[in-house]
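Everything below belongs to upload-v5.tsv, which stores TSV, C-alpha atoms.
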chain	number	residue	atom	x	y	z
A	1	MET	CA	218.29	199.99	197.05
A	2	ILE	CA	215.84	201.75	194.71
A	3	GLU	CA	216.93	200.94	191.19
A	4	PRO	CA	215.60	203.06	188.31
A	5	GLU	CA	217.34	201.94	185.16
A	6	THR	CA	220.93	202.85	184.37
A	7	THR	CA	221.74	200.03	181.93
A	8	PRO	CA	221.70	200.81	178.20
A	9	ILE	CA	218.22	201.00	176.73
A	10	ALA	CA	217.36	198.30	174.21
A	11	THR	CA	217.63	199.44	170.61
A	12	LYS	CA	213.96	198.64	169.98
A	13	GLU	CA	213.10	201.42	172.44
A	14	ALA	CA	214.52	204.45	170.67
A	15	ARG	CA	211.93	206.90	171.96
A	16	PRO	CA	213.24	210.46	172.34
A	17	VAL	CA	215.01	211.37	175.56
A	18	ALA	CA	214.32	214.42	177.74
A	19	ALA	CA	217.12	215.05	180.25
A	20	PHE	CA	216.58	217.15	183.36
A	21	ASP	CA	219.25	218.51	185.64
A	22	VAL	CA	217.94	218.57	189.21
A	23	ASP	CA	219.54	221.15	191.51
A	24	GLY	CA	218.55	224.64	190.41
A	25	THR	CA	216.47	223.27	187.54
A	26	LEU	CA	213.79	221.00	188.98
A	27	THR	CA	214.48	222.41	192.45
A	28	TRP	CA	215.11	225.91	193.78
A	29	ALA	CA	217.66	224.71	196.36
A	30	ASP	CA	220.76	222.53	196.32
A	31	SER	CA	219.61	219.08	197.36
A	32	TYR	CA	223.13	217.71	197.92
A	33	LEU	CA	223.98	220.23	200.63
A	34	LEU	CA	220.54	219.82	202.15
A	35	PHE	CA	221.11	216.06	202.30
A	36	LEU	CA	224.36	216.59	204.17
A	37	ARG	CA	222.52	218.89	206.59
A	38	PHE	CA	219.78	216.26	206.97
A	39	VAL	CA	222.30	213.53	207.80
A	40	ALA	CA	224.56	215.54	210.10
A	41	GLY	CA	222.01	217.62	211.98
A	42	ARG	CA	222.14	221.37	212.52
A	43	PHE	CA	225.28	221.61	214.63
A	44	GLY	CA	227.06	218.67	213.05
A	45	PHE	CA	226.60	220.28	209.63
A	46	VAL	CA	228.26	223.50	210.77
A	47	VAL	CA	231.19	221.68	212.39
A	48	LYS	CA	231.83	219.51	209.36
A	49	MET	CA	231.52	222.40	206.91
A	50	VAL	CA	234.12	224.33	208.90
A	51	GLN	CA	236.44	221.33	208.58
A	52	LEU	CA	236.00	221.51	204.82
A	53	ILE	CA	236.86	225.22	204.42
A	54	PRO	CA	240.47	224.53	203.30
A	55	VAL	CA	239.18	222.20	200.57
A	56	PHE	CA	236.66	224.79	199.37
A	57	VAL	CA	239.35	227.47	199.27
A	58	ALA	CA	241.69	225.18	197.34
A	59	TYR	CA	238.91	224.48	194.83
A	60	ARG	CA	238.30	228.20	194.33
A	61	LEU	CA	242.02	228.69	193.72
A	62	GLY	CA	241.95	225.95	191.09
A	63	SER	CA	244.28	223.55	192.89
A	64	VAL	CA	241.66	220.89	193.67
A	65	PRO	CA	239.26	219.37	191.10
A	66	ARG	CA	235.51	219.28	191.65
A	67	SER	CA	235.47	215.49	192.03
A	68	ALA	CA	238.02	215.68	194.86
A	69	VAL	CA	235.82	218.20	196.68
A	70	LYS	CA	232.86	215.87	196.32
A	71	GLU	CA	234.84	212.94	197.70
A	72	LYS	CA	236.12	215.02	200.62
A	73	THR	CA	232.57	216.04	201.57
A	74	LEU	CA	231.47	212.41	201.31
A	75	THR	CA	234.36	211.35	203.52
A	76	VAL	CA	233.65	213.93	206.21
A	77	PHE	CA	229.88	213.44	206.26
A	78	LEU	CA	229.25	209.82	205.24
A	79	ALA	CA	232.37	207.62	205.45
A	80	GLY	CA	231.81	204.66	207.75
A	81	MET	CA	228.02	204.89	207.67
A	82	SER	CA	226.31	201.56	207.06
A	83	ALA	CA	224.63	201.12	203.71
A	84	GLU	CA	221.39	200.28	205.51
A	85	GLU	CA	221.38	203.53	207.45
A	86	TYR	CA	222.44	205.53	204.39
A	87	LEU	CA	219.61	204.19	202.24
A	88	ALA	CA	217.10	204.78	205.02
A	89	GLN	CA	218.32	208.39	205.25
A	90	CYS	CA	217.99	208.74	201.46
A	91	GLN	CA	214.41	207.44	201.57
A	92	ALA	CA	213.33	209.75	204.39
A	93	TYR	CA	215.15	212.75	202.96
A	94	ALA	CA	213.72	212.45	199.45
A	95	GLN	CA	210.17	211.95	200.64
A	96	MET	CA	210.37	214.90	203.03
A	97	ILE	CA	212.48	217.51	201.26
A	98	TYR	CA	211.85	217.28	197.51
A	99	PRO	CA	208.16	218.24	197.83
A	100	ILE	CA	209.35	221.42	199.57
A	101	ILE	CA	212.06	222.47	197.11
A	102	ALA	CA	210.60	221.30	193.78
A	103	ARG	CA	209.80	223.89	191.11
A	104	PRO	CA	206.17	223.44	189.93
A	105	ASP	CA	206.93	224.73	186.42
A	106	GLY	CA	209.84	222.31	186.10
A	107	LEU	CA	207.70	219.37	187.16
A	108	ALA	CA	204.98	220.48	184.72
A	109	ARG	CA	207.47	220.30	181.84
A	110	LEU	CA	208.68	216.91	183.04
A	111	ARG	CA	205.10	215.60	183.04
A	112	ALA	CA	204.54	217.06	179.57
A	113	HIS	CA	207.44	214.97	178.26
A	114	GLN	CA	206.01	211.93	180.01
A	115	GLY	CA	202.67	212.68	178.37
A	116	VAL	CA	204.13	212.33	174.88
A	117	ARG	CA	206.03	209.18	175.97
A	118	ASP	CA	209.52	210.65	175.87
A	119	GLN	CA	212.07	208.80	177.96
A	120	VAL	CA	212.62	211.14	180.89
A	121	ALA	CA	215.92	211.05	182.78
A	122	LEU	CA	217.16	212.88	185.84
A	123	VAL	CA	220.81	213.74	185.15
A	124	SER	CA	222.60	215.15	188.16
A	125	ALA	CA	225.83	215.48	190.11
A	126	SER	CA	223.72	214.89	193.21
A	127	LEU	CA	223.63	211.43	194.77
A	128	ARG	CA	221.72	208.76	192.90
A	129	ASP	CA	220.33	206.98	195.93
A	130	TYR	CA	218.05	209.75	197.13
A	131	LEU	CA	217.30	210.92	193.60
A	132	ALA	CA	216.09	207.41	192.79
A	133	VAL	CA	213.49	207.67	195.55
A	134	TRP	CA	212.16	210.94	194.14
A	135	ALA	CA	212.31	209.58	190.58
A	136	GLN	CA	210.12	206.67	191.59
A	137	GLU	CA	207.55	209.06	193.04
A	138	LEU	CA	207.64	211.11	189.82
A	139	GLY	CA	207.27	208.04	187.63
A	140	VAL	CA	210.72	208.61	186.12
A	141	ASP	CA	212.51	205.40	185.14
A	142	HIS	CA	216.02	206.71	184.47
A	143	VAL	CA	218.43	208.28	186.94
A	144	LEU	CA	221.94	209.17	185.80
A	145	ALA	CA	223.74	210.59	188.82
A	146	THR	CA	226.76	210.41	191.07
A	147	GLU	CA	227.14	207.15	192.99
A	148	VAL	CA	228.88	206.37	196.26
A	149	GLU	CA	231.22	203.46	196.87
A	150	ILE	CA	230.09	200.85	199.40
A	151	VAL	CA	232.52	198.20	200.62
A	152	ASN	CA	231.62	195.51	203.16
A	153	GLY	CA	228.30	197.19	203.78
A	154	ARG	CA	229.70	200.64	204.60
A	155	LEU	CA	230.32	203.86	202.70
A	156	THR	CA	233.98	204.53	202.00
A	157	GLY	CA	233.62	208.24	201.26
A	158	ARG	CA	234.77	207.66	197.68
A	159	LEU	CA	232.84	207.98	194.44
A	160	LEU	CA	231.82	204.91	192.48
A	161	GLY	CA	232.73	206.01	188.99
A	162	ASP	CA	232.85	209.63	187.88
A	163	ASN	CA	231.13	212.67	189.30
A	164	CYS	CA	228.13	213.16	186.98
A	165	TRP	CA	228.88	216.75	186.00
A	166	GLY	CA	229.76	218.61	182.80
A	167	PRO	CA	231.04	216.21	180.11
A	168	GLY	CA	230.13	213.33	182.43
A	169	LYS	CA	226.45	214.14	182.09
A	170	LEU	CA	226.51	213.87	178.31
A	171	ALA	CA	228.65	210.71	178.49
A	172	ALA	CA	226.12	209.12	180.85
A	173	ILE	CA	223.24	209.98	178.52
A	174	GLN	CA	225.06	208.59	175.49
A	175	ALA	CA	226.00	205.41	177.34
A	176	GLY	CA	222.51	204.89	178.73
A	177	PHE	CA	220.42	205.71	175.68
A	178	LYS	CA	222.74	204.89	172.77
A	179	SER	CA	221.09	206.06	169.53
A	180	ALA	CA	217.92	207.52	171.03
A	181	PRO	CA	217.64	211.22	170.11
A	182	LEU	CA	218.11	213.77	172.88
A	183	VAL	CA	215.01	215.79	172.09
A	184	ALA	CA	215.37	218.17	175.04
A	185	ALA	CA	217.67	218.97	177.95
A	186	TYR	CA	217.23	221.39	180.82
A	187	GLY	CA	219.88	222.86	183.07
A	188	ASP	CA	221.03	225.97	184.89
A	189	THR	CA	224.84	225.96	185.21
A	190	ARG	CA	228.03	225.36	183.24
A	191	GLY	CA	227.86	221.79	184.52
A	192	ASP	CA	225.01	221.30	182.05
A	193	LYS	CA	226.78	222.91	179.07
A	194	GLU	CA	227.61	219.76	177.12
A	195	MET	CA	224.23	218.17	177.70
A	196	LEU	CA	222.43	221.31	176.56
A	197	ALA	CA	224.64	221.68	173.48
A	198	ALA	CA	223.77	218.14	172.37
A	199	ALA	CA	220.00	218.58	172.75
A	200	GLN	CA	217.63	219.44	169.92
A	201	ASN	CA	215.76	221.76	172.29
A	202	PRO	CA	217.97	223.10	175.10
A	203	GLY	CA	216.39	224.91	178.02
A	204	PHE	CA	218.76	227.03	180.12
A	205	ARG	CA	217.32	228.49	183.32
A	206	ILE	CA	213.78	228.47	181.98
A	207	PHE	CA	212.15	227.30	185.21
A	208	GLU	CA	211.75	230.06	187.74
A	209	GLU	CA	208.92	229.17	190.13
A	210	ALA	CA	209.98	229.28	193.76
A	211	PRO	CA	208.30	230.44	196.96
A	212	ARG	CA	208.51	234.16	197.68
A	213	ASP	CA	209.90	233.38	201.11
A	214	ARG	CA	212.47	230.87	199.87
A	215	LEU	CA	215.33	232.57	201.73
A	216	ILE	CA	213.37	232.22	204.95
A	217	GLN	CA	212.60	228.60	204.11
A	218	LEU	CA	216.26	227.91	203.36
A	219	PHE	CA	217.32	229.50	206.63
A	220	SER	CA	214.77	227.38	208.45
A	221	LEU	CA	216.01	224.20	206.75
A	222	TYR	CA	219.69	224.85	207.42
A	223	ALA	CA	219.77	226.83	210.65
A	224	GLY	CA	216.40	226.07	212.20
A	225	ASN	CA	214.78	222.86	213.31
A	226	SER	CA	212.24	222.47	210.50
A	227	MET	CA	213.94	219.30	209.21
A	228	GLU	CA	213.87	217.69	212.62
A	229	ARG	CA	210.30	218.86	213.26
A	230	GLN	CA	209.03	217.45	209.98
A	231	LEU	CA	210.91	214.20	210.54
A	232	THR	CA	209.34	213.88	213.98
A	233	ASN	CA	205.90	214.47	212.48
A	234	ARG	CA	206.50	211.59	210.04
A	235	LEU	CA	207.26	209.12	212.82
Before we go any further, please render this structure as C-alpha coordinates.
Amino acid sequence: MIEPETTPIATKEARPVAAFDVDGTLTWADSYLLFLRFVAGRFGFVVKMVQLIPVFVAYRLGSVPRSAVKEKTLTVFLAGMSAEEYLAQCQAYAQMIYPIIARPDGLARLRAHQGVRDQVALVSASLRDYLAVWAQELGVDHVLATEVEIVNGRLTGRLLGDNCWGPGKLAAIQAGFKSAPLVAAYGDTRGDKEMLAAAQNPGFRIFEEAPRDRLIQLFSLYAGNSMERQLTNRL
(Lines of atoms letter the chains of each structure in order from A and count residues from 1; the text may use other names and numbers.)
(Lines give C-alpha, C1' and ligand atoms only; values in the text may rest on other atoms or scores of the structure.)
Protein backbone atom coordinates (compact mmCIF):
# COMPACT_ATOMS: atom_id res chain seq x y z
CA MET A 1 0.00 0.00 0.00
CA ILE A 2 1.29 3.48 -0.87
CA GLU A 3 1.98 5.22 2.41
CA PRO A 4 2.39 9.02 2.43
CA GLU A 5 2.71 10.12 6.03
CA THR A 6 -0.24 10.26 8.39
CA THR A 7 1.64 10.04 11.71
CA PRO A 8 2.19 13.24 13.69
CA ILE A 9 4.98 15.40 12.32
CA ALA A 10 8.01 15.76 14.57
CA THR A 11 8.08 19.02 16.51
CA LYS A 12 11.41 19.99 14.95
CA GLU A 13 9.59 20.19 11.60
CA ALA A 14 7.13 22.99 12.26
CA ARG A 15 7.09 24.32 8.71
CA PRO A 16 3.78 25.91 7.70
CA VAL A 17 1.04 23.67 6.38
CA ALA A 18 -0.99 24.20 3.21
CA ALA A 19 -4.10 21.99 3.12
CA PHE A 20 -5.90 21.21 -0.13
CA ASP A 21 -9.33 19.67 -0.49
CA VAL A 22 -9.39 17.48 -3.59
CA ASP A 23 -12.82 16.99 -5.19
CA GLY A 24 -14.02 20.26 -6.68
CA THR A 25 -10.86 22.06 -5.58
CA LEU A 26 -7.87 20.33 -7.17
CA THR A 27 -10.23 18.51 -9.54
CA TRP A 28 -13.27 19.57 -11.56
CA ALA A 29 -15.05 16.24 -11.04
CA ASP A 30 -15.89 14.03 -8.06
CA SER A 31 -13.16 11.42 -7.91
CA TYR A 32 -14.99 9.18 -5.42
CA LEU A 33 -17.95 8.57 -7.72
CA LEU A 34 -15.62 8.16 -10.68
CA PHE A 35 -13.68 5.52 -8.72
CA LEU A 36 -16.88 3.59 -8.08
CA ARG A 37 -17.68 3.80 -11.80
CA PHE A 38 -14.13 2.63 -12.60
CA VAL A 39 -14.45 -0.39 -10.31
CA ALA A 40 -17.99 -1.42 -11.22
CA GLY A 41 -17.99 -0.77 -14.95
CA ARG A 42 -20.61 1.17 -16.89
CA PHE A 43 -23.61 -1.09 -16.34
CA GLY A 44 -22.59 -2.28 -12.90
CA PHE A 45 -22.34 1.33 -11.76
CA VAL A 46 -25.90 2.08 -12.86
CA VAL A 47 -27.30 -1.06 -11.22
CA LYS A 48 -25.55 -0.40 -7.93
CA MET A 49 -26.49 3.28 -7.87
CA VAL A 50 -30.14 2.33 -8.35
CA GLN A 51 -29.83 0.02 -5.33
CA LEU A 52 -28.59 3.00 -3.32
CA ILE A 53 -31.45 5.38 -4.18
CA PRO A 54 -33.32 4.75 -0.88
CA VAL A 55 -30.16 5.63 1.07
CA PHE A 56 -29.65 8.83 -0.92
CA VAL A 57 -33.27 9.84 -0.36
CA ALA A 58 -32.97 9.15 3.37
CA TYR A 59 -29.83 11.30 3.50
CA ARG A 60 -31.61 14.18 1.77
CA LEU A 61 -34.45 13.89 4.29
CA GLY A 62 -31.93 14.10 7.13
CA SER A 63 -32.59 10.63 8.54
CA VAL A 64 -29.23 9.12 7.58
CA PRO A 65 -25.82 10.69 8.37
CA ARG A 66 -23.21 11.28 5.68
CA SER A 67 -20.87 8.63 7.11
CA ALA A 68 -23.61 5.99 6.86
CA VAL A 69 -24.12 6.86 3.19
CA LYS A 70 -20.40 6.48 2.58
CA GLU A 71 -20.36 3.08 4.28
CA LYS A 72 -23.40 1.92 2.31
CA THR A 73 -21.75 2.85 -0.99
CA LEU A 74 -18.58 1.06 0.10
CA THR A 75 -20.60 -2.01 1.01
CA VAL A 76 -22.46 -2.13 -2.29
CA PHE A 77 -19.44 -1.44 -4.49
CA LEU A 78 -16.41 -2.80 -2.63
CA ALA A 79 -17.32 -5.20 0.20
CA GLY A 80 -15.67 -8.58 -0.28
CA MET A 81 -13.05 -7.33 -2.73
CA SER A 82 -9.54 -8.51 -1.94
CA ALA A 83 -7.12 -5.88 -0.69
CA GLU A 84 -4.75 -6.82 -3.50
CA GLU A 85 -7.34 -6.18 -6.19
CA TYR A 86 -8.53 -3.00 -4.48
CA LEU A 87 -5.05 -1.49 -4.32
CA ALA A 88 -4.38 -2.44 -7.93
CA GLN A 89 -7.61 -0.68 -8.91
CA CYS A 90 -6.55 2.39 -6.89
CA GLN A 91 -3.18 2.49 -8.65
CA ALA A 92 -4.63 2.19 -12.14
CA TYR A 93 -7.46 4.61 -11.44
CA ALA A 94 -5.28 7.37 -9.99
CA GLN A 95 -2.72 7.17 -12.77
CA MET A 96 -5.39 7.24 -15.47
CA ILE A 97 -8.09 9.59 -14.18
CA TYR A 98 -6.46 12.33 -12.11
CA PRO A 99 -4.49 13.73 -15.08
CA ILE A 100 -7.85 14.15 -16.85
CA ILE A 101 -9.79 15.84 -14.05
CA ALA A 102 -7.09 17.93 -12.35
CA ARG A 103 -7.41 21.71 -12.33
CA PRO A 104 -4.19 23.29 -13.68
CA ASP A 105 -4.59 26.44 -11.57
CA GLY A 106 -5.07 24.34 -8.43
CA LEU A 107 -1.94 22.32 -9.15
CA ALA A 108 -0.02 25.54 -9.83
CA ARG A 109 -0.91 26.83 -6.35
CA LEU A 110 0.05 23.49 -4.82
CA ARG A 111 3.46 23.65 -6.50
CA ALA A 112 3.88 27.25 -5.32
CA HIS A 113 3.48 26.08 -1.72
CA GLN A 114 5.97 23.29 -2.37
CA GLY A 115 8.35 25.87 -3.79
CA VAL A 116 8.47 27.79 -0.51
CA ARG A 117 8.80 24.48 1.42
CA ASP A 118 5.38 24.51 3.03
CA GLN A 119 4.14 21.12 4.16
CA VAL A 120 1.45 20.32 1.61
CA ALA A 121 -1.40 17.98 2.54
CA LEU A 122 -4.30 16.56 0.58
CA VAL A 123 -7.29 16.59 2.95
CA SER A 124 -10.30 14.80 1.55
CA ALA A 125 -13.38 12.69 2.21
CA SER A 126 -12.33 10.66 -0.81
CA LEU A 127 -10.49 7.37 -0.30
CA ARG A 128 -6.91 7.58 0.87
CA ASP A 129 -5.61 4.64 -1.13
CA TYR A 130 -6.05 6.15 -4.58
CA LEU A 131 -5.28 9.66 -3.34
CA ALA A 132 -1.95 8.37 -2.03
CA VAL A 133 -1.00 7.25 -5.54
CA TRP A 134 -1.73 10.71 -6.95
CA ALA A 135 0.00 12.39 -4.01
CA GLN A 136 3.15 10.43 -4.72
CA GLU A 137 3.10 11.60 -8.34
CA LEU A 138 2.61 15.20 -7.17
CA GLY A 139 5.43 14.96 -4.64
CA VAL A 140 2.99 15.46 -1.76
CA ASP A 141 4.01 13.65 1.43
CA HIS A 142 0.83 13.99 3.49
CA VAL A 143 -2.59 12.51 2.76
CA LEU A 144 -5.38 12.93 5.30
CA ALA A 145 -8.41 11.13 3.90
CA THR A 146 -11.09 8.54 4.47
CA GLU A 147 -9.82 4.99 4.96
CA VAL A 148 -11.49 1.64 4.35
CA GLU A 149 -11.49 -1.28 6.75
CA ILE A 150 -9.71 -4.44 5.61
CA VAL A 151 -10.12 -7.67 7.57
CA ASN A 152 -8.46 -10.96 6.59
CA GLY A 153 -7.30 -9.43 3.35
CA ARG A 154 -10.73 -8.24 2.17
CA LEU A 155 -12.70 -5.01 2.32
CA THR A 156 -15.57 -5.09 4.78
CA GLY A 157 -17.47 -2.12 3.37
CA ARG A 158 -16.94 -0.21 6.61
CA LEU A 159 -14.86 2.88 7.29
CA LEU A 160 -11.64 2.65 9.26
CA GLY A 161 -12.04 5.63 11.54
CA ASP A 162 -14.12 8.68 10.70
CA ASN A 163 -15.20 10.04 7.35
CA CYS A 164 -12.71 12.86 6.69
CA TRP A 165 -15.26 15.62 6.18
CA GLY A 166 -16.19 18.87 7.92
CA PRO A 167 -14.85 18.96 11.50
CA GLY A 168 -13.01 15.71 10.75
CA LYS A 169 -10.77 17.49 8.27
CA LEU A 170 -9.60 20.05 10.82
CA ALA A 171 -9.19 17.34 13.47
CA ALA A 172 -7.01 15.33 11.10
CA ILE A 173 -4.83 18.36 10.36
CA GLN A 174 -4.43 19.18 14.04
CA ALA A 175 -3.59 15.57 14.90
CA GLY A 176 -1.13 15.21 12.04
CA PHE A 177 0.70 18.51 12.27
CA LYS A 178 0.34 19.46 15.94
CA SER A 179 1.68 23.01 16.42
CA ALA A 180 2.63 23.72 12.81
CA PRO A 181 0.73 26.79 11.56
CA LEU A 182 -1.99 26.26 8.97
CA VAL A 183 -0.81 28.96 6.59
CA ALA A 184 -3.40 28.22 3.90
CA ALA A 185 -6.36 25.98 3.16
CA TYR A 186 -8.36 25.54 -0.01
CA GLY A 187 -11.84 24.10 -0.41
CA ASP A 188 -15.14 24.42 -2.22
CA THR A 189 -17.98 23.12 -0.01
CA ARG A 190 -19.35 23.28 3.52
CA GLY A 191 -17.31 20.15 4.21
CA ASP A 192 -14.26 22.43 4.18
CA LYS A 193 -15.75 25.11 6.46
CA GLU A 194 -13.81 24.31 9.63
CA MET A 195 -10.52 23.83 7.83
CA LEU A 196 -10.90 27.13 6.01
CA ALA A 197 -11.89 28.99 9.19
CA ALA A 198 -8.71 27.81 10.92
CA ALA A 199 -6.37 28.86 8.10
CA GLN A 200 -4.43 32.11 7.99
CA ASN A 201 -5.20 32.37 4.28
CA PRO A 202 -8.41 30.56 3.30
CA GLY A 203 -9.23 30.03 -0.35
CA PHE A 204 -12.86 29.17 -1.13
CA ARG A 205 -13.63 28.17 -4.71
CA ILE A 206 -10.69 30.12 -6.10
CA PHE A 207 -9.66 27.49 -8.65
CA GLU A 208 -11.82 27.50 -11.74
CA GLU A 209 -9.87 26.00 -14.63
CA ALA A 210 -11.70 23.13 -16.31
CA PRO A 211 -12.10 22.00 -19.91
CA ARG A 212 -14.81 23.76 -21.89
CA ASP A 213 -16.25 20.40 -22.82
CA ARG A 214 -16.18 19.01 -19.29
CA LEU A 215 -19.83 17.93 -19.42
CA ILE A 216 -19.09 15.93 -22.53
CA GLN A 217 -16.00 14.47 -20.87
CA LEU A 218 -18.00 13.56 -17.76
CA PHE A 219 -20.67 11.90 -19.87
CA SER A 220 -17.98 9.95 -21.69
CA LEU A 221 -16.39 8.83 -18.40
CA TYR A 222 -19.65 7.74 -16.79
CA ALA A 223 -21.85 6.62 -19.66
CA GLY A 224 -19.35 5.95 -22.43
CA ASN A 225 -16.46 3.57 -22.72
CA SER A 226 -13.60 6.07 -22.39
CA MET A 227 -12.46 4.54 -19.08
CA GLU A 228 -12.32 1.07 -20.55
CA ARG A 229 -10.67 2.33 -23.74
CA GLN A 230 -7.96 4.18 -21.84
CA LEU A 231 -7.40 1.21 -19.55
CA THR A 232 -7.01 -1.05 -22.57
CA ASN A 233 -4.49 1.36 -24.07
CA ARG A 234 -2.42 1.15 -20.86
CA LEU A 235 -2.17 -2.63 -21.02
Just want the 7 Å neighbourhood of segment 16-26 of chain A, counted on all atoms listed in the file, with same-chain residues fewer than 2 positions away dropped. Output as a ChimeraX atom specification. /A:14,28-31,102-103,106-107,113,118-124,180-188,205,207
Since we have the selection now, will you write its residues out, keeping C-alpha atoms, as an mmCIF file, keeping the file's coordinate frame?
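Listing of out_35.cif after writing:
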data_model
loop_
_atom_site.group_PDB
_atom_site.id
_atom_site.type_symbol
_atom_site.label_atom_id
_atom_site.label_comp_id
_atom_site.auth_asym_id
_atom_site.auth_seq_id
_atom_site.Cartn_x
_atom_site.Cartn_y
_atom_site.Cartn_z
ATOM 1 C CA ALA A 14 214.520 204.450 170.670
ATOM 2 C CA TRP A 28 215.110 225.910 193.780
ATOM 3 C CA ALA A 29 217.660 224.710 196.360
ATOM 4 C CA ASP A 30 220.760 222.530 196.320
ATOM 5 C CA SER A 31 219.610 219.080 197.360
ATOM 6 C CA ALA A 102 210.600 221.300 193.780
ATOM 7 C CA ARG A 103 209.800 223.890 191.110
ATOM 8 C CA GLY A 106 209.840 222.310 186.100
ATOM 9 C CA LEU A 107 207.700 219.370 187.160
ATOM 10 C CA HIS A 113 207.440 214.970 178.260
ATOM 11 C CA ASP A 118 209.520 210.650 175.870
ATOM 12 C CA GLN A 119 212.070 208.800 177.960
ATOM 13 C CA VAL A 120 212.620 211.140 180.890
ATOM 14 C CA ALA A 121 215.920 211.050 182.780
ATOM 15 C CA LEU A 122 217.160 212.880 185.840
ATOM 16 C CA VAL A 123 220.810 213.740 185.150
ATOM 17 C CA SER A 124 222.600 215.150 188.160
ATOM 18 C CA ALA A 180 217.920 207.520 171.030
ATOM 19 C CA PRO A 181 217.640 211.220 170.110
ATOM 20 C CA LEU A 182 218.110 213.770 172.880
ATOM 21 C CA VAL A 183 215.010 215.790 172.090
ATOM 22 C CA ALA A 184 215.370 218.170 175.040
ATOM 23 C CA ALA A 185 217.670 218.970 177.950
ATOM 24 C CA TYR A 186 217.230 221.390 180.820
ATOM 25 C CA GLY A 187 219.880 222.860 183.070
ATOM 26 C CA ASP A 188 221.030 225.970 184.890
ATOM 27 C CA ARG A 205 217.320 228.490 183.320
ATOM 28 C CA PHE A 207 212.150 227.300 185.210
#
As a check of understanding: the span from atom CA of Val50 of chain A to atom CA of Pro99 of chain A is 28.9 Å
In terms of all atoms listed in the file, the residue from A:Ile150, A:Ala198, A:Ala40, A:Leu52 at minimal distance from Gln89 of chain A is A:Ala40
- Option closest in space to Asp162 of chain A, from A:Leu127, A:Val46, A:Met195, A:Val57 [counting only C-alpha atoms]: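 Closest to Asp162 of chain A of all the choices is A:Leu127.
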*May I have the protein, DNA and RNA residues with an atom at most 12 Å from (225.0, 215.6, 210.7), counting all atoms listed in the file in the file's coordinates, returned as number ranges by chain?*
A: 33-49, 73-74, 76-78, 81, 89, 222, 227-228
Counting all atoms listed in the file, closest pick from A:Arg117, A:Lys72, A:Arg128, A:Arg109 relative to Tyr32 of chain A is A:Arg128
What are the centre and the three edge lengths of an axis-aligned box that wraps all atoms of segment 171-188 of chain A in the file, given that 6 Å is added to every side, written as JSON and rounded to one decimal in Å?
{"center_x": 221.8, "center_y": 215.4, "center_z": 177.2, "size_x": 25.6, "size_y": 33.1, "size_z": 27.4}
Using all atoms listed in the file, the residue out of A:Arg214, A:Trp165, A:Ala223, A:His142 with shortest distance to Arg190 of chain A is A:Trp165
re atom CA of Arg229 of chain A and atom CA of Ala79 of chain A: distance 26.0 Å
Between atom CA of Ile101 of chain A and atom CA of Ala125 of chain A lies a distance of 17.0 Å
Find the residue from A:Val69, A:Val55, A:Leu170, A:Leu138 that sits nearest to Leu196 of chain A; use all atoms listed in the file when measuring.
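Ranking A:Val69, A:Val55, A:Leu170, A:Leu138 by distance to Leu196 of chain A, first place goes to A:Leu170.
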Next item on the list: Find the residue from A:Pro65, A:Lys70, A:Tyr86, A:Gln200 that sits nearest to Leu159 of chain A; use only C-alpha atoms when measuring.
Entry: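 Answer, going by the shortest atom-to-atom distance: A:Lys70.
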Residues around (217.4, 200.0, 203.5), cut-off 12 Å, counting all atoms listed in the file - what are they as a PDB file with C-alpha atoms, keeping the file's coordinate frame?
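part.pdb, freshly written:
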ATOM      1  CA  MET A   1     218.290 199.990 197.050  1.00  0.00           C
ATOM      2  CA  ILE A   2     215.840 201.750 194.710  1.00  0.00           C
ATOM      3  CA  SER A  82     226.310 201.560 207.060  1.00  0.00           C
ATOM      4  CA  ALA A  83     224.630 201.120 203.710  1.00  0.00           C
ATOM      5  CA  GLU A  84     221.390 200.280 205.510  1.00  0.00           C
ATOM      6  CA  GLU A  85     221.380 203.530 207.450  1.00  0.00           C
ATOM      7  CA  TYR A  86     222.440 205.530 204.390  1.00  0.00           C
ATOM      8  CA  LEU A  87     219.610 204.190 202.240  1.00  0.00           C
ATOM      9  CA  ALA A  88     217.100 204.780 205.020  1.00  0.00           C
ATOM     10  CA  GLN A  89     218.320 208.390 205.250  1.00  0.00           C
ATOM     11  CA  CYS A  90     217.990 208.740 201.460  1.00  0.00           C
ATOM     12  CA  GLN A  91     214.410 207.440 201.570  1.00  0.00           C
ATOM     13  CA  ALA A  92     213.330 209.750 204.390  1.00  0.00           C
ATOM     14  CA  ASP A 129     220.330 206.980 195.930  1.00  0.00           C
ATOM     15  CA  TYR A 130     218.050 209.750 197.130  1.00  0.00           C
ATOM     16  CA  VAL A 133     213.490 207.670 195.550  1.00  0.00           C
ATOM     17  CA  GLY A 153     228.300 197.190 203.780  1.00  0.00           C
TER      18      GLY A 153
END
